[in-house]
file start-v6.cif (mmCIF, C-alpha atoms)
data_start
loop_
_atom_site.label_atom_id
_atom_site.label_comp_id
_atom_site.auth_asym_id
_atom_site.auth_seq_id
_atom_site.Cartn_x
_atom_site.Cartn_y
_atom_site.Cartn_z
CA MET A 201 -16.32 13.37 13.02
CA GLU A 202 -14.30 10.56 14.53
CA THR A 203 -15.12 7.08 15.67
CA GLN A 204 -15.25 6.78 19.42
CA MET A 205 -14.97 3.50 21.23
CA SER A 206 -15.63 2.73 24.85
CA LEU A 207 -14.83 -0.68 26.16
CA SER A 208 -16.66 -1.52 29.33
CA PRO A 209 -16.31 -5.14 30.36
CA ASN A 210 -19.33 -6.51 32.15
CA ALA A 211 -18.96 -10.10 33.32
CA ASP A 212 -18.08 -12.04 30.15
CA THR A 213 -19.40 -9.43 27.71
CA LEU A 214 -17.41 -6.63 26.17
CA ASN A 215 -19.56 -3.62 25.24
CA VAL A 216 -18.20 -1.42 22.48
CA THR A 217 -19.90 1.86 21.64
CA LEU A 218 -19.24 3.04 18.11
CA SER A 219 -20.05 6.55 16.97
CA GLY A 220 -19.18 8.63 13.96
CA GLU A 221 -17.62 7.03 10.92
CA LEU A 222 -15.90 3.65 10.73
CA ASP A 223 -13.57 3.87 7.74
CA SER A 224 -10.04 3.01 6.67
CA LEU A 225 -8.63 5.62 9.05
CA SER A 226 -10.52 4.59 12.16
CA ALA A 227 -10.99 0.84 11.59
CA PRO A 228 -7.40 -0.22 12.46
CA LYS A 229 -7.72 1.61 15.78
CA LEU A 230 -10.86 -0.37 16.56
CA TYR A 231 -9.07 -3.62 15.80
CA ASP A 232 -6.12 -2.64 18.02
CA GLN A 233 -8.42 -1.74 20.89
CA LEU A 234 -10.36 -4.97 20.56
CA SER A 235 -7.15 -7.00 20.44
CA GLN A 236 -5.83 -5.31 23.55
CA ALA A 237 -9.10 -5.66 25.44
CA LEU A 238 -9.32 -9.37 24.66
CA LYS A 239 -5.71 -9.87 25.61
CA ASP A 240 -6.30 -8.13 28.96
CA GLN A 241 -9.54 -10.02 29.58
CA PRO A 242 -9.31 -13.54 28.20
CA ASN A 243 -12.65 -14.56 29.71
CA ILE A 244 -14.67 -12.46 27.26
CA LYS A 245 -17.26 -14.61 25.48
CA LYS A 246 -19.28 -11.97 23.67
CA ILE A 247 -18.68 -8.58 22.07
CA VAL A 248 -21.69 -6.28 21.76
CA PHE A 249 -21.31 -3.27 19.47
CA GLU A 250 -23.73 -0.46 20.22
CA CYS A 251 -24.13 1.27 16.86
CA GLN A 252 -26.90 3.80 17.42
CA ASN A 253 -24.52 6.69 16.76
CA LEU A 254 -22.50 5.04 14.03
CA SER A 255 -23.41 7.12 10.98
CA TYR A 256 -21.18 5.59 8.31
CA ILE A 257 -19.27 2.43 7.49
CA SER A 258 -17.02 1.79 4.52
CA SER A 259 -15.73 -1.53 3.22
CA ALA A 260 -12.64 -1.03 5.37
CA GLY A 261 -14.82 -0.75 8.46
CA ALA A 262 -16.85 -3.81 7.50
CA GLY A 263 -13.61 -5.63 6.71
CA ILE A 264 -12.28 -5.01 10.20
CA LEU A 265 -15.45 -6.48 11.69
CA LEU A 266 -14.99 -9.56 9.49
CA LEU A 267 -11.34 -9.84 10.38
CA SER A 268 -12.20 -9.55 14.08
CA LEU A 269 -14.87 -12.20 13.74
CA ASP A 270 -12.39 -14.50 12.03
CA ASN A 271 -9.52 -13.88 14.43
CA PHE A 272 -11.49 -13.79 17.68
CA GLY A 273 -14.47 -15.94 16.77
CA HIS A 274 -12.42 -19.12 16.90
CA ARG A 275 -11.95 -18.43 20.61
CA GLY A 276 -15.69 -18.95 20.97
CA ILE A 277 -16.49 -15.23 21.08
CA ASP A 278 -19.88 -14.18 19.69
CA PHE A 279 -20.39 -10.87 17.90
CA GLU A 280 -23.53 -8.76 18.00
CA LEU A 281 -24.25 -5.37 16.42
CA ARG A 282 -27.19 -3.54 18.01
CA LYS A 283 -29.26 -0.53 16.97
CA VAL A 284 -27.67 -0.28 13.55
CA ARG A 285 -28.93 2.67 11.49
CA PRO A 286 -30.63 1.83 8.17
CA GLU A 287 -27.78 3.37 6.12
CA VAL A 288 -25.16 1.24 7.86
CA TYR A 289 -27.36 -1.88 7.96
CA ASN A 290 -27.82 -1.65 4.20
CA ILE A 291 -24.07 -1.74 3.59
CA LEU A 292 -23.51 -4.58 6.06
CA ASP A 293 -26.32 -6.53 4.43
CA LEU A 294 -24.95 -6.02 0.91
CA LEU A 295 -21.61 -7.39 2.07
CA GLY A 296 -23.17 -10.41 3.74
CA LEU A 297 -22.22 -9.51 7.31
CA THR A 298 -25.82 -9.87 8.44
CA LYS A 299 -25.50 -13.57 7.61
CA VAL A 300 -22.38 -14.21 9.67
CA MET A 301 -23.11 -12.13 12.80
CA ALA A 302 -26.17 -10.93 14.69
CA VAL A 303 -27.15 -7.48 13.43
CA SER A 304 -30.28 -5.65 14.58
CA ASN A 305 -31.78 -2.40 13.29
CA ALA A 306 -32.07 0.81 15.22
CA MET B 254 -26.93 20.65 -15.44
CA PRO B 255 -25.37 20.66 -11.95
CA LYS B 256 -21.66 19.82 -11.95
CA TYR B 257 -19.44 19.64 -8.89
CA ILE B 258 -15.65 19.21 -8.87
CA LEU B 259 -13.23 18.20 -6.13
CA ASP B 260 -9.46 18.09 -6.70
CA PHE B 261 -7.53 16.08 -4.14
CA ALA B 262 -4.18 14.46 -3.42
CA ALA B 263 -3.84 10.68 -3.32
CA THR B 264 -3.80 10.24 0.42
CA PRO B 265 -6.30 8.31 2.57
CA ASP B 266 -6.60 11.39 4.78
CA ASN B 267 -8.77 12.84 2.03
CA LEU B 268 -11.42 10.10 2.17
CA PRO B 269 -13.57 11.94 4.74
CA VAL B 270 -13.33 15.07 2.58
CA ILE B 271 -14.50 13.08 -0.44
CA ARG B 272 -17.55 11.58 1.25
CA HIS B 273 -18.58 14.86 2.80
CA PHE B 274 -18.26 16.48 -0.64
CA VAL B 275 -20.60 13.84 -2.09
CA GLN B 276 -23.12 14.15 0.73
CA GLU B 277 -23.11 17.94 0.58
CA HIS B 278 -23.82 18.11 -3.15
CA LEU B 279 -26.20 15.17 -3.54
CA LYS B 280 -28.41 15.61 -0.50
CA SER B 281 -30.63 18.12 -2.28
CA HIS B 282 -31.16 15.59 -5.11
CA LEU B 283 -31.90 12.56 -2.93
CA ALA B 284 -34.46 12.55 -0.14
CA ASP B 285 -33.74 8.95 0.82
CA SER B 286 -30.83 8.74 3.28
CA VAL B 287 -30.08 5.10 2.44
CA ARG B 288 -29.68 5.91 -1.25
CA LEU B 289 -27.59 8.97 -0.48
CA ASN B 290 -25.36 6.82 1.69
CA GLN B 291 -25.07 4.19 -1.05
CA LEU B 292 -23.77 6.78 -3.50
CA THR B 293 -21.40 8.17 -0.89
CA VAL B 294 -20.04 4.69 -0.21
CA ALA B 295 -19.64 3.85 -3.91
CA THR B 296 -17.76 7.09 -4.55
CA GLU B 297 -15.50 6.68 -1.53
CA GLU B 298 -14.69 3.08 -2.47
CA LEU B 299 -13.81 4.14 -6.00
CA CYS B 300 -11.51 6.89 -4.74
CA ALA B 301 -10.02 4.69 -2.01
CA ASN B 302 -9.00 2.06 -4.54
CA SER B 303 -7.35 4.67 -6.72
CA ILE B 304 -5.60 6.31 -3.78
CA VAL B 305 -4.35 3.17 -2.08
CA HIS B 306 -3.91 0.59 -4.84
CA ALA B 307 -3.33 2.60 -8.02
CA ASN B 308 -1.37 5.50 -6.51
CA HIS B 309 0.10 3.81 -3.42
CA SER B 310 -1.09 6.69 -1.21
CA ASP B 311 1.40 9.07 -2.85
CA PRO B 312 0.21 12.61 -2.02
CA SER B 313 2.12 14.06 -4.97
CA GLN B 314 -0.42 12.34 -7.25
CA LYS B 315 -3.43 14.53 -7.96
CA LEU B 316 -6.91 13.24 -8.77
CA ARG B 317 -10.16 14.90 -9.75
CA LEU B 318 -13.66 13.83 -8.76
CA GLU B 319 -16.56 15.19 -10.74
CA LEU B 320 -20.28 14.76 -10.07
CA ARG B 321 -22.75 15.56 -12.81
CA ILE B 322 -26.50 15.26 -12.74
CA GLU B 323 -28.21 15.01 -16.11
CA LYS B 324 -31.89 14.21 -16.47
CA GLN B 325 -32.29 12.34 -13.17
CA THR B 326 -29.07 10.43 -13.74
CA LEU B 327 -25.93 10.80 -11.65
CA HIS B 328 -22.58 10.54 -13.39
CA ILE B 329 -19.50 10.16 -11.21
CA TYR B 330 -16.16 10.70 -12.92
CA LEU B 331 -12.78 10.03 -11.34
CA TYR B 332 -9.73 11.24 -13.26
CA ASP B 333 -6.64 9.39 -12.12
CA PRO B 334 -3.05 9.61 -13.47
CA ALA B 335 -2.26 5.99 -12.53
CA PRO B 336 -2.96 3.08 -14.87
CA PRO B 337 -6.49 1.72 -14.44
CA TYR B 338 -7.18 -1.21 -12.17
CA ALA B 339 -9.45 -4.06 -13.16
CA LEU B 340 -12.80 -3.20 -11.64
CA HIS B 341 -14.42 -6.13 -13.40
CA LYS B 342 -12.00 -8.86 -12.40
CA TYR B 343 -12.85 -9.08 -8.72
CA PRO B 344 -14.97 -11.96 -7.49
CA SER B 345 -18.66 -11.52 -6.99
CA PRO B 346 -19.83 -12.06 -4.34
CA PRO B 347 -16.66 -11.03 -2.53
CA LYS B 348 -14.55 -13.44 -0.61
CA LEU B 349 -15.15 -12.50 3.00
CA LEU B 350 -11.62 -13.66 3.70
CA ARG B 351 -9.09 -13.97 0.90
CA THR B 352 -7.30 -17.29 0.90
CA ASP B 353 -3.94 -15.70 0.01
CA THR B 354 -3.84 -13.05 2.73
CA ASN B 355 -6.50 -14.39 5.09
CA ARG B 356 -7.89 -10.86 5.16
CA PRO B 357 -11.10 -9.46 3.71
CA GLY B 358 -10.61 -8.47 0.09
CA GLY B 359 -12.54 -7.01 -2.81
CA LEU B 360 -15.33 -5.66 -0.60
CA GLY B 361 -15.08 -2.11 -1.91
CA ILE B 362 -15.20 -3.07 -5.57
CA TYR B 363 -18.06 -5.46 -4.85
CA LEU B 364 -19.99 -2.58 -3.29
CA ILE B 365 -19.36 -0.34 -6.30
CA ARG B 366 -20.67 -3.02 -8.62
CA GLN B 367 -23.70 -3.65 -6.43
CA LEU B 368 -24.60 -0.01 -5.98
CA MET B 369 -24.08 1.47 -9.45
CA ASP B 370 -26.02 0.86 -12.67
CA LYS B 371 -23.05 1.12 -15.00
CA ILE B 372 -19.26 1.27 -14.73
CA ILE B 373 -17.03 2.44 -17.56
CA VAL B 374 -13.23 2.51 -17.32
CA ARG B 375 -11.04 3.98 -20.04
CA ARG B 376 -7.62 5.51 -20.53
CA ARG B 377 -7.26 8.85 -22.30
CA GLY B 378 -3.69 10.03 -22.73
CA GLN B 379 -2.05 9.89 -19.32
CA THR B 380 -5.33 9.76 -17.42
CA SER B 381 -7.52 6.86 -16.36
CA ILE B 382 -11.19 7.80 -16.33
CA TYR B 383 -13.63 5.88 -14.13
CA HIS B 384 -17.24 6.69 -14.97
CA LEU B 385 -19.99 5.42 -12.69
CA VAL B 386 -23.65 5.90 -13.59
CA LYS B 387 -26.73 5.72 -11.37
CA SER B 388 -30.34 6.59 -12.03
CA LEU B 389 -31.81 8.91 -9.41
CA ALA B 390 -35.39 8.36 -10.56
#
call {"tool": "encode", "arguments": {"input": "start-v6.cif", "output": "structure tokens"}}
result
Amino acid sequence: METQMSLSPNADTLNVTLSGELDSLSAPKLYDQLSQALKDQPNIKKIVFECQNLSYISSAGAGILLLSLDNFGHRGIDFELRKVRPEVYNILDLLGLTKVMAVSNA
Amino acid sequence: MPKYILDFAATPDNLPVIRHFVQEHLKSHLADSVRLNQLTVATEELCANSIVHANHSDPSQKLRLELRIEKQTLHIYLYDPAPPYALHKYPSPPKLLRTDTNRPGGLGIYLIRQLMDKIIVRRRGQTSIYHLVKSLA
């Protein structure tokens, strides 16, 4: 299974659909896609990750979300993770990501 | 006593193989999907550290992962030819961004320590042995 990302800009919000497994193999691709999308569309103020079909996240995947928050957050961009499965939420919570970005359960 | 063995080369391409191996063999012992995922994550993080940091992603290096279930207790063994890394020296809680690299660091080891009951690291001959223990009760 691979991680699939679809970036569909809507006004000032970038919607990112994650599915499959976000790990050390797929996480750098996510970061590259986010970087490119934000470069192409500098007016983005919010990134919404739809995570209903994200079945797995490793520390590398969580680390990329943190790195993105750090690198893009200073531009005033908010991060939100929606419909996160319990298995993934548990890992994000253990790592403290639920304290630094909006994360809601599936 | 169920015992499952996976031999693999030290390349990150094998990480999906490792986690699917864990899920396949432990799912019949764990009804709770969150707990099954926790053990999958802990095992992958252990192997990822050995692959990337101890063996520098050198595919000529061969490792062995072994899962044993004894009396409602899971034992995870990783046999690694590289010298052991200091599982106990990483900060807890992790630094979300390391001050030296300005990148997240130590998250995987933090997860292992959070998710497992016991961690034993020893060197026997030319092999480092990482032994993680978790009660399944």
call {"tool": "resolve_selection", "arguments": {"input": "start-v6.cif", "expression": "the PyMOL selection byres ((chain B and resi 319) around 10)", "output": "mmCIF file with C-alpha atoms, in the frame of the given file"}}
result
data_model
loop_
_atom_site.group_PDB
_atom_site.id
_atom_site.type_symbol
_atom_site.label_atom_id
_atom_site.label_comp_id
_atom_site.auth_asym_id
_atom_site.auth_seq_id
_atom_site.Cartn_x
_atom_site.Cartn_y
_atom_site.Cartn_z
ATOM 1 C CA LYS B 256 -21.660 19.820 -11.950
ATOM 2 C CA TYR B 257 -19.440 19.640 -8.890
ATOM 3 C CA ILE B 258 -15.650 19.210 -8.870
ATOM 4 C CA LEU B 259 -13.230 18.200 -6.130
ATOM 5 C CA ASP B 260 -9.460 18.090 -6.700
ATOM 6 C CA VAL B 275 -20.600 13.840 -2.090
ATOM 7 C CA ARG B 317 -10.160 14.900 -9.750
ATOM 8 C CA LEU B 318 -13.660 13.830 -8.760
ATOM 9 C CA LEU B 320 -20.280 14.760 -10.070
ATOM 10 C CA ARG B 321 -22.750 15.560 -12.810
ATOM 11 C CA HIS B 328 -22.580 10.540 -13.390
ATOM 12 C CA ILE B 329 -19.500 10.160 -11.210
ATOM 13 C CA TYR B 330 -16.160 10.700 -12.920
ATOM 14 C CA LEU B 331 -12.780 10.030 -11.340
ATOM 15 C CA TYR B 332 -9.730 11.240 -13.260
ATOM 16 C CA HIS B 384 -17.240 6.690 -14.970
#
call {"tool": "closest_residue", "arguments": {"input": "start-v6.cif", "among": "A:Lys229, A:Lys239, A:Lys246, A:Lys299", "to": "Glu280 of chain A", "atoms": "only C-alpha atoms"}}
result
A:Lys246
call {"tool": "atom_distance", "arguments": {"input": "start-v6.cif", "atom1": "atom CA of Asn290 of chain A", "atom2": "atom CA of Val303 of chain A"}}
result
10.9 Å
call {"tool": "atom_distance", "arguments": {"input": "start-v6.cif", "atom1": "atom CA of Ile277 of chain A", "atom2": "atom CA of Ile247 of chain A"}}
result
7.1 Å
call {"tool": "closest_atom_pairs", "arguments": {"input": "start-v6.cif", "of": "chain A", "to": "chain B", "cutoff": "9 Å", "atoms": "only C-alpha atoms", "output": "Markdown table"}}
result
| residue | atom | partner | partner_atom | distance |
| --- | --- | --- | --- | --- |
| A:Met201 | CA | B:Pro269 | CA | 8.8 |
| A:Glu221 | CA | B:Pro269 | CA | 8.9 |
| A:Asp223 | CA | B:Pro269 | CA | 8.6 |
| A:Ser224 | CA | B:Pro265 | CA | 7.7 |
| A:Leu225 | CA | B:Pro265 | CA | 7.4 |
| A:Tyr256 | CA | B:Asn290 | CA | 7.9 |
| A:Ile257 | CA | B:Val294 | CA | 8.1 |
| A:Ser258 | CA | B:Val294 | CA | 6.3 |
| A:Ser259 | CA | B:Gly361 | CA | 5.2 |
| A:Ala260 | CA | B:Gly361 | CA | 7.8 |
| A:Ala262 | CA | B:Leu360 | CA | 8.4 |
| A:Gly263 | CA | B:Pro357 | CA | 5.5 |
| A:Ile264 | CA | B:Pro357 | CA | 8.0 |
| A:Leu266 | CA | B:Pro357 | CA | 7.0 |
| A:Leu267 | CA | B:Arg356 | CA | 6.3 |
| A:Asp270 | CA | B:Leu350 | CA | 8.4 |
| A:Pro286 | CA | B:Val287 | CA | 6.6 |
| A:Glu287 | CA | B:Val287 | CA | 4.7 |
| A:Val288 | CA | B:Val287 | CA | 8.3 |
| A:Asn290 | CA | B:Val287 | CA | 7.3 |
| A:Ile291 | CA | B:Gln291 | CA | 7.6 |
| A:Leu294 | CA | B:Leu364 | CA | 7.4 |
| A:Leu295 | CA | B:Leu360 | CA | 7.0 |
| A:Gly296 | CA | B:Leu349 | CA | 8.3 |
| A:Leu297 | CA | B:Leu349 | CA | 8.8 |
call {"tool": "atom_distance", "arguments": {"input": "start-v6.cif", "atom1": "atom CA of Leu218 of chain A", "atom2": "atom CA of Gln252 of chain A"}}
result
7.7 Å
call {"tool": "resolve_selection", "arguments": {"input": "start-v6.cif", "expression": "the PyMOL selection byres ((chain A and resi 230) around 10)", "output": "ChimeraX atom specification"}}
result
/A:203-205,216,218,222,225-229,231-236,261,264-265,268
call {"tool": "resolve_selection", "arguments": {"input": "start-v6.cif", "expression": "the PyMOL selection byres ((chain A and resi 244) around 12)", "output": "mmCIF file with C-alpha atoms, keeping the file's coordinate frame"}}
result
data_model
loop_
_atom_site.group_PDB
_atom_site.id
_atom_site.type_symbol
_atom_site.label_atom_id
_atom_site.label_comp_id
_atom_site.auth_asym_id
_atom_site.auth_seq_id
_atom_site.Cartn_x
_atom_site.Cartn_y
_atom_site.Cartn_z
ATOM 1 C CA LEU A 207 -14.830 -0.680 26.160
ATOM 2 C CA SER A 208 -16.660 -1.520 29.330
ATOM 3 C CA PRO A 209 -16.310 -5.140 30.360
ATOM 4 C CA ASN A 210 -19.330 -6.510 32.150
ATOM 5 C CA ALA A 211 -18.960 -10.100 33.320
ATOM 6 C CA ASP A 212 -18.080 -12.040 30.150
ATOM 7 C CA THR A 213 -19.400 -9.430 27.710
ATOM 8 C CA LEU A 214 -17.410 -6.630 26.170
ATOM 9 C CA ASN A 215 -19.560 -3.620 25.240
ATOM 10 C CA LEU A 234 -10.360 -4.970 20.560
ATOM 11 C CA SER A 235 -7.150 -7.000 20.440
ATOM 12 C CA GLN A 236 -5.830 -5.310 23.550
ATOM 13 C CA ALA A 237 -9.100 -5.660 25.440
ATOM 14 C CA LEU A 238 -9.320 -9.370 24.660
ATOM 15 C CA LYS A 239 -5.710 -9.870 25.610
ATOM 16 C CA ASP A 240 -6.300 -8.130 28.960
ATOM 17 C CA GLN A 241 -9.540 -10.020 29.580
ATOM 18 C CA PRO A 242 -9.310 -13.540 28.200
ATOM 19 C CA ASN A 243 -12.650 -14.560 29.710
ATOM 20 C CA LYS A 245 -17.260 -14.610 25.480
ATOM 21 C CA LYS A 246 -19.280 -11.970 23.670
ATOM 22 C CA ILE A 247 -18.680 -8.580 22.070
ATOM 23 C CA VAL A 248 -21.690 -6.280 21.760
ATOM 24 C CA PHE A 272 -11.490 -13.790 17.680
ATOM 25 C CA GLY A 273 -14.470 -15.940 16.770
ATOM 26 C CA ARG A 275 -11.950 -18.430 20.610
ATOM 27 C CA GLY A 276 -15.690 -18.950 20.970
ATOM 28 C CA ILE A 277 -16.490 -15.230 21.080
ATOM 29 C CA ASP A 278 -19.880 -14.180 19.690
ATOM 30 C CA PHE A 279 -20.390 -10.870 17.900
#
call {"tool": "closest_residue", "arguments": {"input": "start-v6.cif", "among": "A:Glu250, A:Ala302, A:Leu269, A:Ser255", "to": "Arg282 of chain A", "atoms": "all atoms listed in the file"}}
result
A:Glu250
call {"tool": "axis_aligned_box", "arguments": {"input": "start-v6.cif", "around": "segment 240-254 of chain A", "padding_each_side": "3 Å", "output": "lines of an AutoDock Vina configuration file"}}
result
center_x = -16.6
center_y = -4.0
center_z = 21.9
size_x = 26.6
size_y = 27.3
size_z = 21.7
call {"tool": "residues_near_point", "arguments": {"input": "start-v6.cif", "point": "(-5.1, 9.7, -15.7)", "cutoff": "9 Å", "atoms": "all atoms listed in the file", "output": "VMD selection string"}}
result
chain B and resid 316 331 to 337 376 to 382
call {"tool": "write_last_selection", "arguments": {"input": "start-v6.cif", "atoms": "C-alpha atoms", "output": "PDB file, in the coordinates of the input"}}
result
ATOM      1  CA  LEU B 316      -6.910  13.240  -8.770  1.00  0.00           C
ATOM      2  CA  LEU B 331     -12.780  10.030 -11.340  1.00  0.00           C
ATOM      3  CA  TYR B 332      -9.730  11.240 -13.260  1.00  0.00           C
ATOM      4  CA  ASP B 333      -6.640   9.390 -12.120  1.00  0.00           C
ATOM      5  CA  PRO B 334      -3.050   9.610 -13.470  1.00  0.00           C
ATOM      6  CA  ALA B 335      -2.260   5.990 -12.530  1.00  0.00           C
ATOM      7  CA  PRO B 336      -2.960   3.080 -14.870  1.00  0.00           C
ATOM      8  CA  PRO B 337      -6.490   1.720 -14.440  1.00  0.00           C
ATOM      9  CA  ARG B 376      -7.620   5.510 -20.530  1.00  0.00           C
ATOM     10  CA  ARG B 377      -7.260   8.850 -22.300  1.00  0.00           C
ATOM     11  CA  GLY B 378      -3.690  10.030 -22.730  1.00  0.00           C
ATOM     12  CA  GLN B 379      -2.050   9.890 -19.320  1.00  0.00           C
ATOM     13  CA  THR B 380      -5.330   9.760 -17.420  1.00  0.00           C
ATOM     14  CA  SER B 381      -7.520   6.860 -16.360  1.00  0.00           C
ATOM     15  CA  ILE B 382     -11.190   7.800 -16.330  1.00  0.00           C
TER      16      ILE B 382
END
call {"tool": "residues_around", "arguments": {"input": "start-v6.cif", "residues": "segment 302-312 of chain B", "least_positions_apart": "5", "cutoff": "6 Å", "atoms": "all atoms listed in the file", "output": "list in words"}}
result
Ala262, Ala263, Thr264 and Ala335 of chain B
call {"tool": "decode", "arguments": {"input": "start-v6.cif", "residues": "segment 282-313 of chain B", "atoms": "C-alpha atoms", "output": "mmCIF file, in the first residue's frame"}}
result
data_model
loop_
_atom_site.group_PDB
_atom_site.id
_atom_site.type_symbol
_atom_site.label_atom_id
_atom_site.label_comp_id
_atom_site.auth_asym_id
_atom_site.auth_seq_id
_atom_site.Cartn_x
_atom_site.Cartn_y
_atom_site.Cartn_z
ATOM 1 C CA HIS B 282 -3.095 -12.785 19.512
ATOM 2 C CA LEU B 283 -4.443 -9.236 19.819
ATOM 3 C CA ALA B 284 -8.059 -8.310 19.216
ATOM 4 C CA ASP B 285 -7.457 -4.617 19.871
ATOM 5 C CA SER B 286 -6.307 -2.823 16.710
ATOM 6 C CA VAL B 287 -4.710 0.053 18.640
ATOM 7 C CA ARG B 288 -2.538 -2.333 20.642
ATOM 8 C CA LEU B 289 -1.628 -4.306 17.533
ATOM 9 C CA ASN B 290 -0.614 -1.071 15.859
ATOM 10 C CA GLN B 291 1.458 -0.035 18.884
ATOM 11 C CA LEU B 292 3.480 -3.244 18.690
ATOM 12 C CA THR B 293 3.875 -2.847 14.938
ATOM 13 C CA VAL B 294 5.142 0.701 15.398
ATOM 14 C CA ALA B 295 7.561 -0.267 18.194
ATOM 15 C CA THR B 296 9.012 -3.091 16.102
ATOM 16 C CA GLU B 297 9.353 -0.956 12.994
ATOM 17 C CA GLU B 298 11.035 1.845 14.941
ATOM 18 C CA LEU B 299 13.496 -0.606 16.455
ATOM 19 C CA CYS B 300 14.358 -2.044 13.034
ATOM 20 C CA ALA B 301 14.463 1.388 11.383
ATOM 21 C CA ASN B 302 17.035 2.626 13.880
ATOM 22 C CA SER B 303 19.205 -0.415 13.298
ATOM 23 C CA ILE B 304 18.872 -0.178 9.519
ATOM 24 C CA VAL B 305 19.458 3.546 9.165
ATOM 25 C CA HIS B 306 21.654 4.543 12.107
ATOM 26 C CA ALA B 307 23.543 1.382 13.078
ATOM 27 C CA ASN B 308 23.968 -0.119 9.604
ATOM 28 C CA HIS B 309 23.792 3.032 7.455
ATOM 29 C CA SER B 310 21.221 1.399 5.149
ATOM 30 C CA ASP B 311 23.835 -1.057 3.866
ATOM 31 C CA PRO B 312 21.903 -3.915 2.218
ATOM 32 C CA SER B 313 24.859 -6.280 2.591
#
